[in-house]
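A.B. asks: Mind having a look at this structure? Questions to follow.
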Amino acid sequence: MYTIKFICEKLNGKPLMSNDLSSKISELVYDSRKVNNPDESLFFALKATRDGHDFIPDAYAKGIRNFVISNPVAFLGDKKDVNVIQVHNVLQFMQELVTYHREQFHYPIIGITGSNGKSIVKAWLFQLLIPEKKVYQSPKSYNSQLGVALSLWNLGPQYDLALIEAGISEPGEMDALQKMIQPNIGVFTNIGVAHSQNFETKQQKLTEKLKLFKDVEVLVAGSEYLSKDLIDPKIKLVSWGKSDTDQIQLIQEETFNQVSKLKIKIGELICICQVPFTDRASIENVMSCIAVMYFLGYDAETIVERIQALKPLEMRLQLKKGVNHCSIIDDSYSNDLASLKISLEFLHQQNQHSQKSLILSEMEGLMESDKLQQKLKDLLNNSQLQKFIWVGQDFEWLKDLGINSIQQFSNTEEFLSHLTELNFHDESILIKGARKFQFERIVQRLALRSHGTVLEINLNAITNNLMVYRSLIPRNVKLMAMVKAFSYGSGSFEVANLLQFSKVDYLTVAFADEGVELRTAGITLPIMVLSPDRDTFQSLVQHNLEPEVYSMDFLEEFIDFLKEQNIKDFKIHLKLDTGMHRLGLFPSEIEAVIERLRNQDQVRVQSFFTHLVASGDPKQDEFTAYQISTYQEAAAKLEAGLGYKFIQHVANTSAIVRWPQAHLDMVRLGIGLYGVDMDKNLPNLEQVSSLKTTVTQIKELPAGETVGYDRKGVLHRDSKIATVKIGYADGYSRRFGNSVGKMQINGNLASTVGNICMDMCMLDVTGQDVQVGDEVLVFPNLMQASQDIGTIPYELLVNISSRVKRVYYYE
Ligand SMILES: *Cc1c(COP(=O)(O)O)cnc(C)c1O
């Protein structure tokens, strides 16, 4: 552990203010919401979309007393109990500290980069090497400038090998990562099209990625992706591929029933290896792993044995609906302290149940290391769990934990046999286990089954998209997130909890009952209701939901209601109709509204807003400008008439991008949050939801046969037809029938054949390698799909039926 004094001396940082320079630092904190051990934390005021300096008071309130800043912070001015280091660049200072830390260890560090497969190769190598090595792996996909720094900070003397993932999105980033990681062994997974928008050419991207391997002794790579002449001749290359000059050569590949039988030359030996994957990406990842093991000196027999035991498991954390109204957080793929910490943070974001439980298995290396045990204990004690179930031996050292209910089972089998008595209900359960404990069996019992078709929702993408739009608005402009219509089809409290954690300012729903559901799930953010019904006044008041007021009549009725209940100053949102002609008061009614509002004290105007009808359409810019100026005139009148200020807002997603002058006090972010780029100019948006189904049956049919109802699908050639489990009852419109709809299977597009049925439809997969059970992406391109049937992405998203299970992912 380093002291503040030591850190300053080593890195030439100047203590700007000091209290106790002998304070010890064990945690690097960059987010004031994520504080575990404040006494030993050093807070870095990073400048990202949000400026970390703004969160120093919050970090201080949570007990942190050590800070690294780049700008003066008035709040710290009169504090006597802090250590403050002022530097030119906070991130760089963190990276220098981490570099120093990394240099204290002399075991091999494997640096992994490439366009795809980094996290999988890392996680697999961990599984493959763990039987005899003490391996550290960077958590989740922590591979950015910040992520790598945080990963390396966890290196310790207890390990004898580390796996660190490095990812870049812009030119110039790899140098900094290389300096920190200083890998001895390099793994280059592949080069693809991901993130290419920031690079001029594929060559430029490749050159940038290869900078990671500047000083490695050995580099593992596919010969197809990397030719010898691109790397320094003093680096030893272990290549894999199909050529006989590759040390690891894939000689032959056969696939059947989702299993691939690979004939591989490992060094001089030819081996047969069966793996439960058929897709190209997985096979390539397998080749990378074999090559690393080969270089590390494993014999072919051990390599084959371990590779065959790999499973195609989900490595991302998933949130699913569980039995007895539970929420299941499934992170059963691996178990180590760093990833446990992330999962516990996620558990606490989800407020739908007050009861939070953890089912945890033993982790690698825990029994041998007192230090690790202490860290785990601290983490558990700080995590406000009500129930803790430990699966593993040697329980003594956990007995004095400050958790009410603690139970122990020596293995997964024993736990499962007591499942009924444990009576899980109405709680959020985090399930986290090391591979060998096979916690997927617990998940199978506790999570509700999905029937072939699921909507996968990437929660990280929502956070990312929120950041993208936040970066477009000034810091003092508030952000309202639209979560109406089940968050545009993506789910209710799961998304809202994340938005609450991400500190948006307001949420908006369409109807009162959507708001009630959010309140019941622990959402405390202010909520606006767009179309409140008169018969829901009681629940508005009871759950503190703020209605949109769109007419004089509505205003009268609401005031009457509040008067009866003796309620004062209830917040309302006045809606002005500037051209949408849906709901709203006309500008000509403003005088009357002012008059009415001045003569009562039941309601108070919290905000005043209008909705732009075509903010994304350049052809309508004149009309949009007219709407904005009409609004502003009315707002000025209202403010003068009421004598107090209220929040002014007009901008929806497209206006955030195209109308900066319309940001006013707050913006209302809708479709963009869910990753749909209506304006096609935000390359960093990420797709949030993927609708996936599976192939149920495959048929070979001769030309002349017809497929589906009413014989509409006429086959003009001998065809291979796949039946998939999605139909119009799931929200896959009948308009997609007869070749209009295109789905993606194993990377290839396949068109629909015949009419769409209620629960199924058929695809033409003639000439394609498709098998029963294969995964099918229903909307490979949402924008294109919506255009194909003459609608907009909004409609496709919200039409996905509620019977389609939502599964949430978080990294
Ligand atoms: C739905 C809605 C929005 C969001 O619109 P997007 O185009 O999805 O950003 C904003 N304001 C109001 C009043 C809405 O109903």
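FYI, nothing fancy with the structure tokens labels: chains A, B, ... in order, residues from 1 per chain, ligands from 1 as they appear.
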Excluding segment 453-464 of chain A and its own-chain neighbours fewer than 5 positions away, which residues fall within 10 Å of it when counting only C-alpha atoms? Please give them as a ChimeraX atom specification.
C.D. replies: /A:316,318-319,469-470,489-491,494-495,498-499,501-502,672-675,684-694,724-726,730,775-778,800-811
A.B. asks: For the helix (DSSP H, G or I) assignment from backbone DSSP, which residues of segment 261-452 of chain A qualify? Please present them as number ranges by chain.
C.D. replies: A: 280-295, 300-308, 323-325, 337-349, 370-381, 396-398, 412-417, 419-422, 435-437, 440-446
A.B. asks: Collect all residues with atoms no farther than 8 Å from ligand 1, counting only C-alpha atoms and all ligand atoms, and output them as a VMD selection string.
C.D. replies: chain A and resid 482 484 510 530 610 to 612 650 to 654 668 to 672 794
A.B. asks: Output N, CA and C atoms for every residue in that selection, as a PDB file, in the first residue's frame.
C.D. replies:
```
ATOM      1  N   MET A 482     -37.186   9.937 -21.388  1.00  0.00           N
ATOM      2  CA  MET A 482     -38.527   9.442 -21.687  1.00  0.00           C
ATOM      3  C   MET A 482     -38.539   7.923 -21.487  1.00  0.00           C
ATOM      4  N   LYS A 484     -41.591   6.333 -21.372  1.00  0.00           N
ATOM      5  CA  LYS A 484     -42.967   5.954 -21.699  1.00  0.00           C
ATOM      6  C   LYS A 484     -42.982   4.673 -22.532  1.00  0.00           C
ATOM      7  N   ALA A 510     -46.140   7.798 -19.917  1.00  0.00           N
ATOM      8  CA  ALA A 510     -47.353   8.229 -20.603  1.00  0.00           C
ATOM      9  C   ALA A 510     -48.531   8.268 -19.635  1.00  0.00           C
ATOM     10  N   LEU A 530     -47.485  12.187 -18.998  1.00  0.00           N
ATOM     11  CA  LEU A 530     -47.892  12.925 -20.198  1.00  0.00           C
ATOM     12  C   LEU A 530     -49.395  12.989 -20.429  1.00  0.00           C
ATOM     13  N   THR A 610     -43.320  22.583 -24.802  1.00  0.00           N
ATOM     14  CA  THR A 610     -44.051  22.283 -26.024  1.00  0.00           C
ATOM     15  C   THR A 610     -43.319  21.146 -26.740  1.00  0.00           C
ATOM     16  N   HIS A 611     -43.950  20.576 -27.737  1.00  0.00           N
ATOM     17  CA  HIS A 611     -43.325  19.453 -28.451  1.00  0.00           C
ATOM     18  C   HIS A 611     -43.132  19.850 -29.911  1.00  0.00           C
ATOM     19  N   LEU A 612     -41.913  19.640 -30.419  1.00  0.00           N
ATOM     20  CA  LEU A 612     -41.617  19.993 -31.810  1.00  0.00           C
ATOM     21  C   LEU A 612     -42.081  18.860 -32.717  1.00  0.00           C
ATOM     22  N   VAL A 650     -38.234  22.267 -24.666  1.00  0.00           N
ATOM     23  CA  VAL A 650     -38.885  21.950 -25.937  1.00  0.00           C
ATOM     24  C   VAL A 650     -38.201  20.811 -26.713  1.00  0.00           C
ATOM     25  N   ALA A 651     -36.933  20.522 -26.413  1.00  0.00           N
ATOM     26  CA  ALA A 651     -36.141  19.680 -27.325  1.00  0.00           C
ATOM     27  C   ALA A 651     -36.296  18.185 -27.088  1.00  0.00           C
ATOM     28  N   ASN A 652     -36.683  17.454 -28.108  1.00  0.00           N
ATOM     29  CA  ASN A 652     -36.641  15.983 -28.081  1.00  0.00           C
ATOM     30  C   ASN A 652     -35.290  15.545 -28.675  1.00  0.00           C
ATOM     31  N   THR A 653     -35.126  14.247 -28.927  1.00  0.00           N
ATOM     32  CA  THR A 653     -33.821  13.735 -29.363  1.00  0.00           C
ATOM     33  C   THR A 653     -33.229  14.512 -30.549  1.00  0.00           C
ATOM     34  N   SER A 654     -34.006  14.615 -31.625  1.00  0.00           N
ATOM     35  CA  SER A 654     -33.450  15.259 -32.819  1.00  0.00           C
ATOM     36  C   SER A 654     -33.106  16.715 -32.565  1.00  0.00           C
ATOM     37  N   ARG A 668     -35.588  16.711 -23.491  1.00  0.00           N
ATOM     38  CA  ARG A 668     -36.331  15.464 -23.271  1.00  0.00           C
ATOM     39  C   ARG A 668     -35.799  14.393 -24.230  1.00  0.00           C
ATOM     40  N   LEU A 669     -34.982  13.513 -23.688  1.00  0.00           N
ATOM     41  CA  LEU A 669     -34.331  12.514 -24.521  1.00  0.00           C
ATOM     42  C   LEU A 669     -35.181  11.259 -24.618  1.00  0.00           C
ATOM     43  N   GLY A 670     -35.511  10.862 -25.846  1.00  0.00           N
ATOM     44  CA  GLY A 670     -36.330   9.669 -26.064  1.00  0.00           C
ATOM     45  C   GLY A 670     -35.574   8.631 -26.873  1.00  0.00           C
ATOM     46  N   ILE A 671     -35.918   8.511 -28.126  1.00  0.00           N
ATOM     47  CA  ILE A 671     -35.427   7.425 -28.989  1.00  0.00           C
ATOM     48  C   ILE A 671     -33.899   7.292 -28.995  1.00  0.00           C
ATOM     49  N   GLY A 672     -33.194   8.409 -28.900  1.00  0.00           N
ATOM     50  CA  GLY A 672     -31.725   8.364 -28.941  1.00  0.00           C
ATOM     51  C   GLY A 672     -31.134   7.580 -27.785  1.00  0.00           C
ATOM     52  N   TYR A 794     -39.556   3.552 -33.912  1.00  0.00           N
ATOM     53  CA  TYR A 794     -40.326   3.653 -32.664  1.00  0.00           C
ATOM     54  C   TYR A 794     -41.393   2.564 -32.615  1.00  0.00           C
TER      55      TYR A 794
END
```
A.B. asks: Could you please write out, as a list of chain:residue names, every residue of segment 405-445 of chain A that DSSP assigns to strand (DSSP E)?
C.D. replies: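 Reading the DSSP output for segment 405-445 of chain A, strand (DSSP E) covers A:Ser405, A:Ile406, A:Gln407, A:Gln408, A:Phe409, A:Ser428, A:Ile429, A:Leu430, A:Ile431, A:Lys432.
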A.B. asks: Determine the nearest neighbour of Val275 of chain A from the options A:His106, A:Arg306, A:Arg519, A:Lys637, counting only C-alpha atoms.
C.D. replies: A:Arg306
A.B. asks: To one decimal place in Å, what is the distance between atom CA of Asn465 of chain A and atom CA of Tyr30 of chain A?
C.D. replies: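 We find that atom CA of Asn465 of chain A and atom CA of Tyr30 of chain A lie 19.9 Å from each other.
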A.B. asks: Could you tell me which of A:Ser369, A:Asn285, A:Ser471, A:Thr302 comes closest to Ala48 of chain A if we count only C-alpha atoms?
C.D. replies: A:Ser471
A.B. asks: Compile the contact shell of Asp533 of chain A as a ChimeraX atom specification: residues with an atom at most 9 Å away, counting only C-alpha atoms, same-chain residues fewer than 4 positions apart removed.
C.D. replies: /A:511-512,537
A.B. asks: So that I have them on file, write out the residues from the current selection with N, CA, C and O atoms, as a PDB file, in the first residue's frame.
C.D. replies:
```pdb
ATOM      1  N   PHE A 511     -48.690   7.208 -18.837  1.00  0.00           N
ATOM      2  CA  PHE A 511     -49.869   7.101 -17.980  1.00  0.00           C
ATOM      3  C   PHE A 511     -49.493   6.940 -16.514  1.00  0.00           C
ATOM      4  O   PHE A 511     -48.385   6.479 -16.195  1.00  0.00           O
ATOM      5  N   ALA A 512     -50.458   7.269 -15.654  1.00  0.00           N
ATOM      6  CA  ALA A 512     -50.199   7.211 -14.218  1.00  0.00           C
ATOM      7  C   ALA A 512     -49.757   5.814 -13.765  1.00  0.00           C
ATOM      8  O   ALA A 512     -48.836   5.693 -12.954  1.00  0.00           O
ATOM      9  N   PHE A 537     -56.326  10.805 -10.594  1.00  0.00           N
ATOM     10  CA  PHE A 537     -55.833  11.892  -9.745  1.00  0.00           C
ATOM     11  C   PHE A 537     -55.329  11.388  -8.399  1.00  0.00           C
ATOM     12  O   PHE A 537     -54.281  11.807  -7.912  1.00  0.00           O
TER      13      PHE A 537
END
```
A.B. asks: May I have the residues within 8 Å of Asp426 of chain A as an mmCIF file with N, CA, C and O atoms, in the first residue's frame, using only C-alpha atoms and disregarding those fewer than 6 positions away in the same chain?
C.D. replies:
```
data_model
loop_
_atom_site.group_PDB
_atom_site.id
_atom_site.type_symbol
_atom_site.label_atom_id
_atom_site.label_comp_id
_atom_site.auth_asym_id
_atom_site.auth_seq_id
_atom_site.Cartn_x
_atom_site.Cartn_y
_atom_site.Cartn_z
ATOM 1 N N ASN A 324 -41.270 -16.523 -8.132
ATOM 2 C CA ASN A 324 -41.817 -15.809 -6.959
ATOM 3 C C ASN A 324 -41.470 -14.331 -6.935
ATOM 4 O O ASN A 324 -41.039 -13.794 -5.917
ATOM 5 N N HIS A 325 -41.622 -13.668 -8.047
ATOM 6 C CA HIS A 325 -41.375 -12.224 -8.154
ATOM 7 C C HIS A 325 -39.956 -11.811 -7.804
ATOM 8 O O HIS A 325 -39.727 -10.712 -7.307
ATOM 9 N N CYS A 326 -39.020 -12.683 -7.959
ATOM 10 C CA CYS A 326 -37.634 -12.291 -7.688
ATOM 11 C C CYS A 326 -37.022 -11.677 -8.948
ATOM 12 O O CYS A 326 -37.506 -11.890 -10.046
ATOM 13 N N SER A 327 -35.968 -10.877 -8.750
ATOM 14 C CA SER A 327 -35.128 -10.476 -9.880
ATOM 15 C C SER A 327 -33.824 -11.248 -9.747
ATOM 16 O O SER A 327 -33.229 -11.263 -8.674
ATOM 17 N N HIS A 353 -36.660 -4.355 -5.193
ATOM 18 C CA HIS A 353 -36.940 -5.110 -3.968
ATOM 19 C C HIS A 353 -36.072 -4.553 -2.853
ATOM 20 O O HIS A 353 -34.903 -4.249 -3.080
ATOM 21 N N GLN A 355 -35.272 -6.306 -0.297
ATOM 22 C CA GLN A 355 -34.432 -7.427 0.133
ATOM 23 C C GLN A 355 -33.396 -7.755 -0.943
ATOM 24 O O GLN A 355 -33.739 -8.045 -2.086
#
```
A.B. asks: Residues within 9 Å of segment 186-191 of chain A, please, as a PyMOL selection string. Count only C-alpha atoms; anything in the same chain fewer than 6 positions from it doesn't count.
C.D. replies: chain A and resi 109-118+121+202+205-206+209-210+212-213+216-222+224-226+284-285+288+292
A.B. asks: Compare A:Asn566, A:Ser223, A:Gln145, A:Ser492 by their minimum atom-to-atom distance to Gln249 of chain A, counting only C-alpha atoms, and give me the closest one.
C.D. replies: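 When distances to Gln249 of chain A are compared using only C-alpha atoms, the smallest one comes from A:Ser223.
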A.B. asks: Find the residues around segment 570-586 of chain A up to 6 Å (only C-alpha atoms counted), leave out those fewer than 2 positions away in its own chain, and share them as an MDAnalysis selection string.
C.D. replies: chainID A and resid 546:551 568 588:589 603:610 613 627
A.B. asks: Using atom CA of Thr207 of chain A and atom CA of His88 of chain A as the two end points, give the distance in Å to one decimal.
C.D. replies: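 If I compute the distance from atom CA of Thr207 of chain A to atom CA of His88 of chain A, I get 29.3 Å.
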A.B. asks: Need the shell around Leu597 of chain A: protein/DNA/RNA residues with any atom at most 12 Å away, counting only C-alpha atoms. Skip same-chain ones fewer than 4 positions apart. Format as a list in words?
C.D. replies: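 Using only C-alpha atoms, the neighbours found are Met552, Leu555, Glu556, Phe558, Ile559, Asp569, Ile572, Leu574, Ile590, Glu591, Ala592, Val593, Asp601, Gln602, Val603, Arg604, Val605, Leu638, Glu639, Gly641, Leu642, Gly643 and Tyr644 of chain A.
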A.B. asks: Quote the spacing between atom CA of Asn781 of chain A and atom CA of Asp677 of chain A in Å to one decimal place.
C.D. replies: 11.8 Å
A.B. asks: Have a look at A:Glu700, A:Glu514, A:Asp331, A:Glu301 and name the one nearest to Gly767 of chain A; count only C-alpha atoms.
C.D. replies: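 For Gly767 of chain A, the nearest of the given residues is A:Glu700.
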A.B. asks: Identify which of the residues A:Gly773, A:Gly433, A:Gly522, A:Gly156 lies closest to Ser334 of chain A, counting only C-alpha atoms when measuring atom-to-atom distances.
C.D. replies: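 Looking only at the distances to Ser334 of chain A, the closest residue turns out to be A:Gly433.
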